[in-house]
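Okay, data03.cif now, which holds mmCIF, N, CA and C atoms and all ligand atoms:
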```cif
data_model
loop_
_atom_site.label_atom_id
_atom_site.label_comp_id
_atom_site.auth_asym_id
_atom_site.auth_seq_id
_atom_site.Cartn_x
_atom_site.Cartn_y
_atom_site.Cartn_z
N MET K 1 0.84 -1.19 0.00
CA MET K 1 0.00 0.00 0.00
C MET K 1 0.89 1.25 0.00
N LEU K 2 0.52 2.23 -0.79
CA LEU K 2 1.29 3.46 -0.95
C LEU K 2 0.50 4.63 -0.34
N SER K 3 1.21 5.46 0.43
CA SER K 3 0.56 6.68 0.94
C SER K 3 1.56 7.83 0.89
N PHE K 4 1.04 9.06 0.93
CA PHE K 4 1.86 10.26 0.82
C PHE K 4 1.58 11.13 2.03
N ILE K 5 2.61 11.40 2.83
CA ILE K 5 2.45 12.14 4.08
C ILE K 5 3.05 13.54 3.91
N PRO K 6 2.23 14.59 3.97
CA PRO K 6 2.79 15.94 3.84
C PRO K 6 3.63 16.32 5.04
N THR K 7 4.79 16.93 4.77
CA THR K 7 5.67 17.39 5.84
C THR K 7 6.55 18.51 5.30
N VAL K 8 7.54 18.91 6.10
CA VAL K 8 8.46 19.98 5.72
C VAL K 8 9.87 19.40 5.68
N CYS K 9 10.62 19.74 4.66
CA CYS K 9 11.99 19.24 4.52
C CYS K 9 12.81 19.61 5.77
N PRO K 10 13.57 18.65 6.33
CA PRO K 10 14.32 18.92 7.56
C PRO K 10 15.71 19.49 7.32
N TYR K 11 16.12 19.76 6.09
CA TYR K 11 17.52 20.04 5.83
C TYR K 11 17.95 21.50 5.95
N CYS K 12 17.07 22.44 5.76
CA CYS K 12 17.50 23.83 5.94
C CYS K 12 16.32 24.70 6.32
N GLY K 13 16.58 25.96 6.53
CA GLY K 13 15.56 26.86 7.04
C GLY K 13 14.56 27.33 6.00
N CYS K 14 14.71 26.95 4.73
CA CYS K 14 13.75 27.38 3.71
C CYS K 14 12.35 26.86 4.00
N GLY K 15 12.28 25.63 4.49
CA GLY K 15 10.98 25.07 4.84
C GLY K 15 10.16 24.59 3.66
N CYS K 16 10.80 23.97 2.68
CA CYS K 16 10.07 23.46 1.51
C CYS K 16 9.09 22.35 1.92
N GLY K 17 7.94 22.38 1.31
CA GLY K 17 6.95 21.34 1.56
C GLY K 17 7.26 20.10 0.74
N MET K 18 7.12 18.95 1.38
CA MET K 18 7.37 17.70 0.66
C MET K 18 6.37 16.65 1.11
N LEU K 19 6.30 15.61 0.32
CA LEU K 19 5.47 14.46 0.67
C LEU K 19 6.38 13.27 0.89
N LEU K 20 6.28 12.65 2.05
CA LEU K 20 7.01 11.40 2.28
C LEU K 20 6.21 10.28 1.62
N VAL K 21 6.88 9.53 0.79
CA VAL K 21 6.24 8.40 0.12
C VAL K 21 6.39 7.19 1.02
N VAL K 22 5.30 6.65 1.51
CA VAL K 22 5.34 5.52 2.43
C VAL K 22 4.77 4.29 1.72
N LYS K 23 5.61 3.26 1.66
CA LYS K 23 5.21 2.02 0.98
C LYS K 23 5.27 0.87 1.97
N ASP K 24 4.18 0.21 2.17
CA ASP K 24 4.10 -0.92 3.10
C ASP K 24 4.63 -0.55 4.48
N GLY K 25 4.32 0.65 4.97
CA GLY K 25 4.70 1.08 6.31
C GLY K 25 6.10 1.62 6.44
N LYS K 26 6.86 1.72 5.35
CA LYS K 26 8.23 2.25 5.42
C LYS K 26 8.37 3.44 4.48
N VAL K 27 9.14 4.45 4.92
CA VAL K 27 9.38 5.61 4.06
C VAL K 27 10.27 5.18 2.90
N ALA K 28 9.79 5.40 1.68
CA ALA K 28 10.51 4.94 0.50
C ALA K 28 11.01 6.08 -0.38
N GLY K 29 10.61 7.31 -0.10
CA GLY K 29 11.07 8.41 -0.94
C GLY K 29 10.44 9.73 -0.54
N CYS K 30 10.85 10.78 -1.26
CA CYS K 30 10.31 12.13 -1.06
C CYS K 30 9.84 12.67 -2.40
N GLU K 31 8.78 13.41 -2.39
CA GLU K 31 8.33 14.10 -3.60
C GLU K 31 7.97 15.52 -3.23
N PRO K 32 8.14 16.47 -4.16
CA PRO K 32 7.78 17.85 -3.84
C PRO K 32 6.27 18.01 -3.66
N TRP K 33 5.93 18.88 -2.77
CA TRP K 33 4.51 19.21 -2.50
C TRP K 33 4.15 20.28 -3.53
N GLN K 34 3.36 19.88 -4.50
CA GLN K 34 3.13 20.74 -5.67
C GLN K 34 2.52 22.10 -5.32
N ARG K 35 1.62 22.13 -4.36
CA ARG K 35 0.93 23.40 -4.07
C ARG K 35 1.45 24.09 -2.81
N HIS K 36 2.62 23.68 -2.32
CA HIS K 36 3.17 24.33 -1.12
C HIS K 36 3.63 25.74 -1.48
N PRO K 37 3.28 26.76 -0.67
CA PRO K 37 3.59 28.15 -1.05
C PRO K 37 5.09 28.48 -1.04
N VAL K 38 5.92 27.72 -0.32
CA VAL K 38 7.35 28.04 -0.26
C VAL K 38 8.07 27.58 -1.52
N ASN K 39 7.90 26.32 -1.89
CA ASN K 39 8.72 25.77 -2.99
C ASN K 39 7.94 25.51 -4.27
N GLU K 40 6.64 25.65 -4.22
CA GLU K 40 5.79 25.55 -5.42
C GLU K 40 6.17 24.36 -6.30
N GLY K 41 6.31 23.20 -5.68
CA GLY K 41 6.53 21.99 -6.47
C GLY K 41 7.97 21.69 -6.80
N LYS K 42 8.90 22.38 -6.15
CA LYS K 42 10.32 22.12 -6.44
C LYS K 42 11.03 21.69 -5.15
N LEU K 43 12.08 20.88 -5.30
CA LEU K 43 12.96 20.53 -4.19
C LEU K 43 14.39 20.58 -4.71
N CYS K 44 15.33 20.95 -3.85
CA CYS K 44 16.74 20.83 -4.25
C CYS K 44 17.17 19.37 -4.04
N ILE K 45 18.41 19.06 -4.38
CA ILE K 45 18.88 17.68 -4.32
C ILE K 45 18.83 17.12 -2.90
N LYS K 46 19.03 18.01 -1.90
CA LYS K 46 18.96 17.53 -0.52
C LYS K 46 17.52 17.12 -0.18
N GLY K 47 16.58 17.93 -0.63
CA GLY K 47 15.18 17.61 -0.37
C GLY K 47 14.74 16.31 -1.02
N TRP K 48 15.18 16.10 -2.27
CA TRP K 48 14.80 14.87 -2.97
C TRP K 48 15.32 13.63 -2.25
N ASN K 49 16.40 13.79 -1.48
CA ASN K 49 17.01 12.64 -0.79
C ASN K 49 16.85 12.70 0.72
N ALA K 50 15.97 13.53 1.19
CA ALA K 50 15.86 13.77 2.63
C ALA K 50 15.39 12.55 3.42
N HIS K 51 14.83 11.57 2.75
CA HIS K 51 14.33 10.38 3.45
C HIS K 51 15.43 9.38 3.77
N GLN K 52 16.61 9.55 3.16
CA GLN K 52 17.59 8.46 3.19
C GLN K 52 18.20 8.20 4.57
N PHE K 53 18.18 9.21 5.44
CA PHE K 53 18.78 8.98 6.76
C PHE K 53 17.85 8.22 7.70
N ILE K 54 16.58 8.16 7.39
CA ILE K 54 15.60 7.64 8.35
C ILE K 54 15.96 6.23 8.82
N ASP K 55 16.23 5.33 7.89
CA ASP K 55 16.56 3.95 8.27
C ASP K 55 18.02 3.61 8.01
N HIS K 56 18.86 4.64 7.89
CA HIS K 56 20.27 4.36 7.58
C HIS K 56 20.94 3.68 8.78
N PRO K 57 21.75 2.65 8.54
CA PRO K 57 22.38 1.93 9.66
C PRO K 57 23.35 2.79 10.47
N ASP K 58 23.89 3.87 9.89
CA ASP K 58 24.83 4.73 10.64
C ASP K 58 24.11 5.79 11.46
N ARG K 59 22.81 5.85 11.37
CA ARG K 59 22.08 6.90 12.10
C ARG K 59 22.23 6.70 13.61
N LEU K 60 22.55 7.80 14.30
CA LEU K 60 22.65 7.73 15.76
C LEU K 60 21.25 7.75 16.34
N THR K 61 20.94 6.76 17.13
CA THR K 61 19.62 6.69 17.75
C THR K 61 19.70 6.71 19.27
N LYS K 62 20.93 6.64 19.80
CA LYS K 62 21.12 6.69 21.25
C LYS K 62 22.26 7.65 21.54
N PRO K 63 22.25 8.30 22.71
CA PRO K 63 23.37 9.18 23.06
C PRO K 63 24.66 8.39 23.24
N LEU K 64 25.77 9.04 22.94
CA LEU K 64 27.09 8.43 23.11
C LEU K 64 27.90 9.27 24.09
N ILE K 65 28.60 8.61 25.00
CA ILE K 65 29.50 9.28 25.93
C ILE K 65 30.91 8.79 25.65
N ARG K 66 31.83 9.76 25.58
CA ARG K 66 33.23 9.37 25.36
C ARG K 66 33.83 8.87 26.67
N LYS K 67 34.38 7.66 26.62
CA LYS K 67 35.09 7.10 27.76
C LYS K 67 36.46 6.69 27.26
N GLY K 68 37.46 7.51 27.57
CA GLY K 68 38.79 7.30 26.98
C GLY K 68 38.74 7.63 25.51
N ASP K 69 39.15 6.68 24.69
CA ASP K 69 39.14 6.89 23.24
C ASP K 69 37.88 6.32 22.58
N GLU K 70 36.98 5.79 23.39
CA GLU K 70 35.81 5.11 22.83
C GLU K 70 34.54 5.90 23.11
N PHE K 71 33.59 5.80 22.18
CA PHE K 71 32.24 6.30 22.43
C PHE K 71 31.37 5.13 22.85
N THR K 72 30.66 5.31 23.95
CA THR K 72 29.84 4.23 24.49
C THR K 72 28.38 4.65 24.50
N GLU K 73 27.50 3.77 24.01
CA GLU K 73 26.07 4.06 24.07
C GLU K 73 25.62 4.16 25.51
N THR K 74 24.71 5.09 25.76
CA THR K 74 24.22 5.27 27.12
C THR K 74 22.75 5.65 27.06
N SER K 75 22.15 5.82 28.24
CA SER K 75 20.74 6.22 28.30
C SER K 75 20.66 7.74 28.21
N TRP K 76 19.48 8.24 27.86
CA TRP K 76 19.28 9.69 27.85
C TRP K 76 19.45 10.26 29.25
N ASP K 77 18.98 9.53 30.28
CA ASP K 77 19.12 10.02 31.66
C ASP K 77 20.59 10.23 32.01
N GLU K 78 21.43 9.25 31.69
CA GLU K 78 22.86 9.38 32.03
C GLU K 78 23.50 10.52 31.22
N ALA K 79 23.18 10.61 29.94
CA ALA K 79 23.77 11.65 29.10
C ALA K 79 23.36 13.04 29.57
N LEU K 80 22.07 13.22 29.84
CA LEU K 80 21.60 14.55 30.27
C LEU K 80 22.12 14.91 31.65
N THR K 81 22.24 13.92 32.54
CA THR K 81 22.82 14.19 33.87
C THR K 81 24.27 14.63 33.73
N LEU K 82 25.02 13.98 32.86
CA LEU K 82 26.43 14.35 32.63
C LEU K 82 26.52 15.78 32.08
N ILE K 83 25.70 16.09 31.08
CA ILE K 83 25.73 17.43 30.47
C ILE K 83 25.36 18.50 31.51
N ALA K 84 24.29 18.24 32.27
CA ALA K 84 23.85 19.22 33.28
C ALA K 84 24.95 19.45 34.30
N GLY K 85 25.61 18.37 34.74
CA GLY K 85 26.69 18.49 35.72
C GLY K 85 27.86 19.30 35.19
N LYS K 86 28.23 19.05 33.93
CA LYS K 86 29.36 19.78 33.35
C LYS K 86 29.02 21.25 33.12
N LEU K 87 27.81 21.53 32.67
CA LEU K 87 27.41 22.94 32.47
C LEU K 87 27.36 23.68 33.80
N THR K 88 26.81 23.03 34.83
CA THR K 88 26.73 23.66 36.15
C THR K 88 28.13 23.94 36.69
N ALA K 89 29.02 22.98 36.57
CA ALA K 89 30.39 23.16 37.08
C ALA K 89 31.11 24.27 36.33
N LEU K 90 30.96 24.30 35.01
CA LEU K 90 31.63 25.33 34.21
C LEU K 90 31.09 26.72 34.53
N LYS K 91 29.77 26.80 34.70
CA LYS K 91 29.17 28.09 35.04
C LYS K 91 29.66 28.58 36.40
N GLU K 92 29.74 27.68 37.38
CA GLU K 92 30.20 28.06 38.72
C GLU K 92 31.68 28.45 38.70
N GLN K 93 32.44 27.75 37.91
CA GLN K 93 33.89 27.97 37.87
C GLN K 93 34.27 29.22 37.08
N SER K 94 33.62 29.43 35.92
CA SER K 94 34.08 30.50 35.01
C SER K 94 33.01 31.51 34.63
N GLY K 95 31.80 31.34 35.11
CA GLY K 95 30.73 32.28 34.79
C GLY K 95 29.98 31.87 33.54
N PRO K 96 28.76 32.40 33.36
CA PRO K 96 27.92 31.98 32.25
C PRO K 96 28.49 32.34 30.87
N ASP K 97 29.26 33.42 30.78
CA ASP K 97 29.79 33.80 29.46
C ASP K 97 30.92 32.89 28.99
N ALA K 98 31.33 31.94 29.82
CA ALA K 98 32.31 30.95 29.36
C ALA K 98 31.65 29.84 28.54
N ILE K 99 30.32 29.90 28.47
CA ILE K 99 29.56 28.85 27.78
C ILE K 99 28.89 29.46 26.55
N SER K 100 28.88 28.72 25.45
CA SER K 100 28.14 29.17 24.27
C SER K 100 27.44 27.99 23.63
N PHE K 101 26.41 28.30 22.89
CA PHE K 101 25.60 27.27 22.25
C PHE K 101 25.45 27.59 20.77
N LEU K 102 25.40 26.55 19.96
CA LEU K 102 25.16 26.71 18.53
C LEU K 102 23.98 25.83 18.16
N SER K 103 22.98 26.45 17.58
CA SER K 103 21.79 25.70 17.18
C SER K 103 21.86 25.34 15.71
N SER K 104 20.82 24.71 15.22
CA SER K 104 20.87 24.12 13.87
C SER K 104 19.62 24.43 13.07
N ALA K 105 19.83 24.63 11.76
CA ALA K 105 18.70 24.80 10.86
C ALA K 105 17.88 23.51 10.74
N ARG K 106 18.45 22.41 11.19
CA ARG K 106 17.71 21.15 11.11
C ARG K 106 16.75 20.98 12.28
N CYS K 107 16.80 21.92 13.23
CA CYS K 107 15.80 21.91 14.29
C CYS K 107 14.58 22.70 13.83
N THR K 108 13.48 22.47 14.49
CA THR K 108 12.29 23.26 14.18
C THR K 108 12.43 24.66 14.78
N ASN K 109 11.59 25.59 14.31
CA ASN K 109 11.58 26.93 14.91
C ASN K 109 11.35 26.85 16.41
N GLU K 110 10.47 25.94 16.82
CA GLU K 110 10.14 25.82 18.23
C GLU K 110 11.35 25.34 19.03
N GLU K 111 12.10 24.39 18.47
CA GLU K 111 13.29 23.88 19.17
C GLU K 111 14.35 24.98 19.27
N ASN K 112 14.51 25.76 18.19
CA ASN K 112 15.48 26.86 18.24
C ASN K 112 15.06 27.92 19.26
N TYR K 113 13.76 28.19 19.31
CA TYR K 113 13.27 29.15 20.31
C TYR K 113 13.57 28.65 21.72
N LEU K 114 13.29 27.37 21.96
CA LEU K 114 13.54 26.80 23.30
C LEU K 114 15.02 26.86 23.66
N LEU K 115 15.89 26.60 22.69
CA LEU K 115 17.33 26.63 22.99
C LEU K 115 17.76 28.03 23.40
N GLN K 116 17.38 29.06 22.62
CA GLN K 116 17.82 30.41 22.99
C GLN K 116 17.22 30.84 24.33
N LYS K 117 16.01 30.38 24.63
CA LYS K 117 15.40 30.70 25.93
C LYS K 117 16.19 30.03 27.05
N PHE K 118 16.55 28.76 26.85
CA PHE K 118 17.34 28.03 27.84
C PHE K 118 18.68 28.73 28.07
N VAL K 119 19.33 29.13 26.98
CA VAL K 119 20.65 29.76 27.08
C VAL K 119 20.55 31.06 27.87
N ARG K 120 19.55 31.88 27.54
CA ARG K 120 19.46 33.19 28.18
C ARG K 120 18.95 33.11 29.62
N VAL K 121 17.92 32.28 29.84
CA VAL K 121 17.28 32.26 31.16
C VAL K 121 17.97 31.30 32.13
N VAL K 122 18.30 30.11 31.67
CA VAL K 122 18.87 29.11 32.58
C VAL K 122 20.38 29.29 32.72
N ILE K 123 21.08 29.42 31.59
CA ILE K 123 22.53 29.57 31.66
C ILE K 123 22.90 31.00 32.03
N GLY K 124 22.19 31.99 31.46
CA GLY K 124 22.44 33.38 31.81
C GLY K 124 23.45 34.08 30.91
N THR K 125 23.47 33.68 29.63
CA THR K 125 24.36 34.33 28.68
C THR K 125 23.62 34.59 27.37
N ASN K 126 24.14 35.51 26.59
CA ASN K 126 23.59 35.73 25.25
C ASN K 126 24.42 35.01 24.18
N ASN K 127 25.31 34.13 24.62
CA ASN K 127 26.17 33.40 23.68
C ASN K 127 25.41 32.27 23.00
N VAL K 128 24.55 32.64 22.07
CA VAL K 128 23.80 31.64 21.32
C VAL K 128 23.76 32.08 19.87
N ASP K 129 24.04 31.14 18.99
CA ASP K 129 24.03 31.46 17.56
C ASP K 129 23.45 30.27 16.80
N HIS K 130 23.45 30.40 15.50
CA HIS K 130 22.75 29.45 14.66
C HIS K 130 23.64 29.12 13.45
N CYS K 131 23.64 27.86 13.03
CA CYS K 131 24.54 27.46 11.97
C CYS K 131 24.32 28.23 10.67
N ALA K 132 23.14 28.75 10.44
CA ALA K 132 22.87 29.47 9.19
C ALA K 132 23.67 30.78 9.11
N ARG K 133 24.18 31.25 10.24
CA ARG K 133 24.96 32.51 10.25
C ARG K 133 26.46 32.27 10.15
N LEU K 134 26.89 31.03 10.09
CA LEU K 134 28.33 30.75 10.04
C LEU K 134 28.86 30.95 8.63
S1 LIG L 201 14.46 21.15 -0.38
FE1 LIG L 201 16.47 22.12 -0.29
S2 LIG L 201 16.02 24.33 -0.18
FE2 LIG L 201 14.13 23.23 0.38
S3 LIG L 201 14.18 23.07 2.64
FE3 LIG L 201 15.09 21.20 1.79
S4 LIG L 201 17.30 21.62 1.73
FE4 LIG L 201 16.26 23.57 1.95
#
```

As structure tokens, please, write out the structure in this file.
Amino acid sequence: MLSFIPTVCPYCGCGCGMLLVVKDGKVAGCEPWQRHPVNEGKLCIKGWNAHQFIDHPDRLTKPLIRKGDEFTETSWDEALTLIAGKLTALKEQSGPDAISFLSSARCTNEENYLLQKFVRVVIGTNNVDHCARL
């Protein structure tokens, strides 16, 4: 069975509309959303191939923590506890402006908004930027 799921391309901030082609319950391709107001039926090469990472065997699906020279899979609880501890220690030791964050065009607007809010309110610095400005 074939179905077409409307969504937005995850690769950059343009926000092109696309249809995920789902065949027998698995994403099998991407097609441009013909009547989407942003891209009007066009996709760049990244958009045409945006589905390929979904089931790719190299895709990271669990957090990794470096232990020596190795990266070890861990739980989200352990990873987030480690990050929170390191950020807290760095802030106490060197102040909030010793910390900076870089966000991504591959996040949603809402995720980017939450990150800058976290940086300003919780960390206490304006050191936040976005990969699209690099
Ligand atoms: S199709 Fe290309 S231009 Fe459009 S959002 Fe995706 S990466 Fe950006």

Which polymer residues, protein or nucleic acid, are no farther than 8 Å from (5.8, 17.7, -0.9), counting only N, CA and C atoms, as an mmCIF file with N, CA and C atoms, in the frame of the given file?
```cif
data_model
loop_
_atom_site.group_PDB
_atom_site.id
_atom_site.type_symbol
_atom_site.label_atom_id
_atom_site.label_comp_id
_atom_site.auth_asym_id
_atom_site.auth_seq_id
_atom_site.Cartn_x
_atom_site.Cartn_y
_atom_site.Cartn_z
ATOM 1 N N ILE K 5 2.610 11.400 2.830
ATOM 2 C CA ILE K 5 2.450 12.140 4.080
ATOM 3 C C ILE K 5 3.050 13.540 3.910
ATOM 4 N N PRO K 6 2.230 14.590 3.970
ATOM 5 C CA PRO K 6 2.790 15.940 3.840
ATOM 6 C C PRO K 6 3.630 16.320 5.040
ATOM 7 N N THR K 7 4.790 16.930 4.770
ATOM 8 C CA THR K 7 5.670 17.390 5.840
ATOM 9 C C THR K 7 6.550 18.510 5.300
ATOM 10 N N VAL K 8 7.540 18.910 6.100
ATOM 11 C CA VAL K 8 8.460 19.980 5.720
ATOM 12 C C VAL K 8 9.870 19.400 5.680
ATOM 13 N N CYS K 9 10.620 19.740 4.660
ATOM 14 C CA CYS K 9 11.990 19.240 4.520
ATOM 15 C C CYS K 9 12.810 19.610 5.770
ATOM 16 N N CYS K 16 10.800 23.970 2.680
ATOM 17 C CA CYS K 16 10.070 23.460 1.510
ATOM 18 C C CYS K 16 9.090 22.350 1.920
ATOM 19 N N GLY K 17 7.940 22.380 1.310
ATOM 20 C CA GLY K 17 6.950 21.340 1.560
ATOM 21 C C GLY K 17 7.260 20.100 0.740
ATOM 22 N N MET K 18 7.120 18.950 1.380
ATOM 23 C CA MET K 18 7.370 17.700 0.660
ATOM 24 C C MET K 18 6.370 16.650 1.110
ATOM 25 N N LEU K 19 6.300 15.610 0.320
ATOM 26 C CA LEU K 19 5.470 14.460 0.670
ATOM 27 C C LEU K 19 6.380 13.270 0.890
ATOM 28 N N LEU K 20 6.280 12.650 2.050
ATOM 29 C CA LEU K 20 7.010 11.400 2.280
ATOM 30 C C LEU K 20 6.210 10.280 1.620
ATOM 31 N N CYS K 30 10.850 10.780 -1.260
ATOM 32 C CA CYS K 30 10.310 12.130 -1.060
ATOM 33 C C CYS K 30 9.840 12.670 -2.400
ATOM 34 N N GLU K 31 8.780 13.410 -2.390
ATOM 35 C CA GLU K 31 8.330 14.100 -3.600
ATOM 36 C C GLU K 31 7.970 15.520 -3.230
ATOM 37 N N PRO K 32 8.140 16.470 -4.160
ATOM 38 C CA PRO K 32 7.780 17.850 -3.840
ATOM 39 C C PRO K 32 6.270 18.010 -3.660
ATOM 40 N N TRP K 33 5.930 18.880 -2.770
ATOM 41 C CA TRP K 33 4.510 19.210 -2.500
ATOM 42 C C TRP K 33 4.150 20.280 -3.530
ATOM 43 N N GLN K 34 3.360 19.880 -4.500
ATOM 44 C CA GLN K 34 3.130 20.740 -5.670
ATOM 45 C C GLN K 34 2.520 22.100 -5.320
ATOM 46 N N ARG K 35 1.620 22.130 -4.360
ATOM 47 C CA ARG K 35 0.930 23.400 -4.070
ATOM 48 C C ARG K 35 1.450 24.090 -2.810
ATOM 49 N N HIS K 36 2.620 23.680 -2.320
ATOM 50 C CA HIS K 36 3.170 24.330 -1.120
ATOM 51 C C HIS K 36 3.630 25.740 -1.480
ATOM 52 N N GLY K 41 6.310 23.200 -5.680
ATOM 53 C CA GLY K 41 6.530 21.990 -6.470
ATOM 54 C C GLY K 41 7.970 21.690 -6.800
ATOM 55 N N LYS K 42 8.900 22.380 -6.150
ATOM 56 C CA LYS K 42 10.320 22.120 -6.440
ATOM 57 C C LYS K 42 11.030 21.690 -5.150
#
```

Which of K:Lys117, K:Gly25, K:Pro63, K:Pro37 sits closest to Leu80 in chain K [using only N, CA and C atoms]: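 Nearest candidate to Leu80 in chain K out of K:Lys117, K:Gly25, K:Pro63, K:Pro37: K:Pro63.
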
Could you work out an axis-aligned bounding box for all listed atoms of ligand LIG 201 (chain L), with 5 Å added on each of the six sides, and give its centre and edge lengths in Å to one decimal, as lines of an AutoDock Vina configuration file?
```
center_x = 15.7
center_y = 22.7
center_z = 1.1
size_x = 13.2
size_y = 13.2
size_z = 13.0
```

Atom pair CA of Val121 in chain K / CA of Ser104 in chain K: separation (Å):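 CA of Ser104 in chain K lies at a distance of 19.4 Å from CA of Val121 in chain K.
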
Atomic separation - atom FE2 of ligand LIG 201 (chain L) relative to atom N of His51 in chain K, Å: 11.9 Å

Nearest to ligand LIG 201 (chain L) by atom-to-atom distance, counting all atoms listed in the file, from K:Asn49, K:Val27, K:Asn109, K:Met1: K:Asn49

12 Å contact set for Lys62 in chain K, only C-alpha atoms, chain neighbours under 6 positions out, as a ChimeraX atom specification: /K:71-80

Select from range 54-114 of chain K everything DSSP, run on the backbone, classes as helix (DSSP H, G or I), then give the selection as a CSV table (one decimal) with N, CA and C atoms, in the coordinates of the input.
```csv
chain,number,residue,atom,x,y,z
K,76,TRP,N,19.5,8.2,27.9
K,76,TRP,CA,19.3,9.7,27.8
K,76,TRP,C,19.4,10.3,29.2
K,77,ASP,N,19.0,9.5,30.3
K,77,ASP,CA,19.1,10.0,31.7
K,77,ASP,C,20.6,10.2,32.0
K,78,GLU,N,21.4,9.2,31.7
K,78,GLU,CA,22.9,9.4,32.0
K,78,GLU,C,23.5,10.5,31.2
K,79,ALA,N,23.2,10.6,29.9
K,79,ALA,CA,23.8,11.6,29.1
K,79,ALA,C,23.4,13.0,29.6
K,80,LEU,N,22.1,13.2,29.8
K,80,LEU,CA,21.6,14.6,30.3
K,80,LEU,C,22.1,14.9,31.6
K,81,THR,N,22.2,13.9,32.5
K,81,THR,CA,22.8,14.2,33.9
K,81,THR,C,24.3,14.6,33.7
K,82,LEU,N,25.0,14.0,32.9
K,82,LEU,CA,26.4,14.4,32.6
K,82,LEU,C,26.5,15.8,32.1
K,83,ILE,N,25.7,16.1,31.1
K,83,ILE,CA,25.7,17.4,30.5
K,83,ILE,C,25.4,18.5,31.5
K,84,ALA,N,24.3,18.2,32.3
K,84,ALA,CA,23.8,19.2,33.3
K,84,ALA,C,25.0,19.4,34.3
K,85,GLY,N,25.6,18.4,34.7
K,85,GLY,CA,26.7,18.5,35.7
K,85,GLY,C,27.9,19.3,35.2
K,86,LYS,N,28.2,19.0,33.9
K,86,LYS,CA,29.4,19.8,33.4
K,86,LYS,C,29.0,21.2,33.1
K,87,LEU,N,27.8,21.5,32.7
K,87,LEU,CA,27.4,22.9,32.5
K,87,LEU,C,27.4,23.7,33.8
K,88,THR,N,26.8,23.0,34.8
K,88,THR,CA,26.7,23.7,36.2
K,88,THR,C,28.1,23.9,36.7
K,89,ALA,N,29.0,23.0,36.6
K,89,ALA,CA,30.4,23.2,37.1
K,89,ALA,C,31.1,24.3,36.3
K,90,LEU,N,31.0,24.3,35.0
K,90,LEU,CA,31.6,25.3,34.2
K,90,LEU,C,31.1,26.7,34.5
K,91,LYS,N,29.8,26.8,34.7
K,91,LYS,CA,29.2,28.1,35.0
K,91,LYS,C,29.7,28.6,36.4
K,92,GLU,N,29.7,27.7,37.4
K,92,GLU,CA,30.2,28.1,38.7
K,92,GLU,C,31.7,28.4,38.7
K,93,GLN,N,32.4,27.8,37.9
K,93,GLN,CA,33.9,28.0,37.9
K,93,GLN,C,34.3,29.2,37.1
K,94,SER,N,33.6,29.4,35.9
K,94,SER,CA,34.1,30.5,35.0
K,94,SER,C,33.0,31.5,34.6
K,96,PRO,N,28.8,32.4,33.4
K,96,PRO,CA,27.9,32.0,32.2
K,96,PRO,C,28.5,32.3,30.9
K,97,ASP,N,29.3,33.4,30.8
K,97,ASP,CA,29.8,33.8,29.5
K,97,ASP,C,30.9,32.9,29.0
K,98,ALA,N,31.3,31.9,29.8
K,98,ALA,CA,32.3,31.0,29.4
K,98,ALA,C,31.6,29.8,28.5
K,109,ASN,N,11.6,25.6,14.3
K,109,ASN,CA,11.6,26.9,14.9
K,109,ASN,C,11.4,26.8,16.4
K,110,GLU,N,10.5,25.9,16.8
K,110,GLU,CA,10.1,25.8,18.2
K,110,GLU,C,11.4,25.3,19.0
K,111,GLU,N,12.1,24.4,18.5
K,111,GLU,CA,13.3,23.9,19.2
K,111,GLU,C,14.4,25.0,19.3
K,112,ASN,N,14.5,25.8,18.2
K,112,ASN,CA,15.5,26.9,18.2
K,112,ASN,C,15.1,27.9,19.3
K,113,TYR,N,13.8,28.2,19.3
K,113,TYR,CA,13.3,29.2,20.3
K,113,TYR,C,13.6,28.6,21.7
K,114,LEU,N,13.3,27.4,22.0
K,114,LEU,CA,13.5,26.8,23.3
K,114,LEU,C,15.0,26.9,23.7
```

Point-to-point distance from CA of Gly124 in chain K to CA of Gly85 in chain K, Å rounded to tenths: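 Distance reported for this atom pair: 16.0 Å.
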
Env. residues ligand LIG 201 (chain L) / 6.5 Å / all atoms listed in the file / as a VMD selection string: chain K and resid 8 to 17 42 to 48

Selection: 8 Å around His130 in chain K, only N, CA and C atoms, excl. self and same-chain fewer than 6 positions, as a PyMOL selection string: chain K and resi 101-105

Strand (DSSP E) positions in chain K, given as JSON, numbers by chain: {"K": [2, 3, 4, 5, 6, 7, 8, 17, 18, 19, 20, 21, 22, 23, 26, 27, 28, 29, 30, 31, 32, 64, 65, 66, 67, 70, 71, 72, 73, 101, 102, 103, 128, 129, 130]}
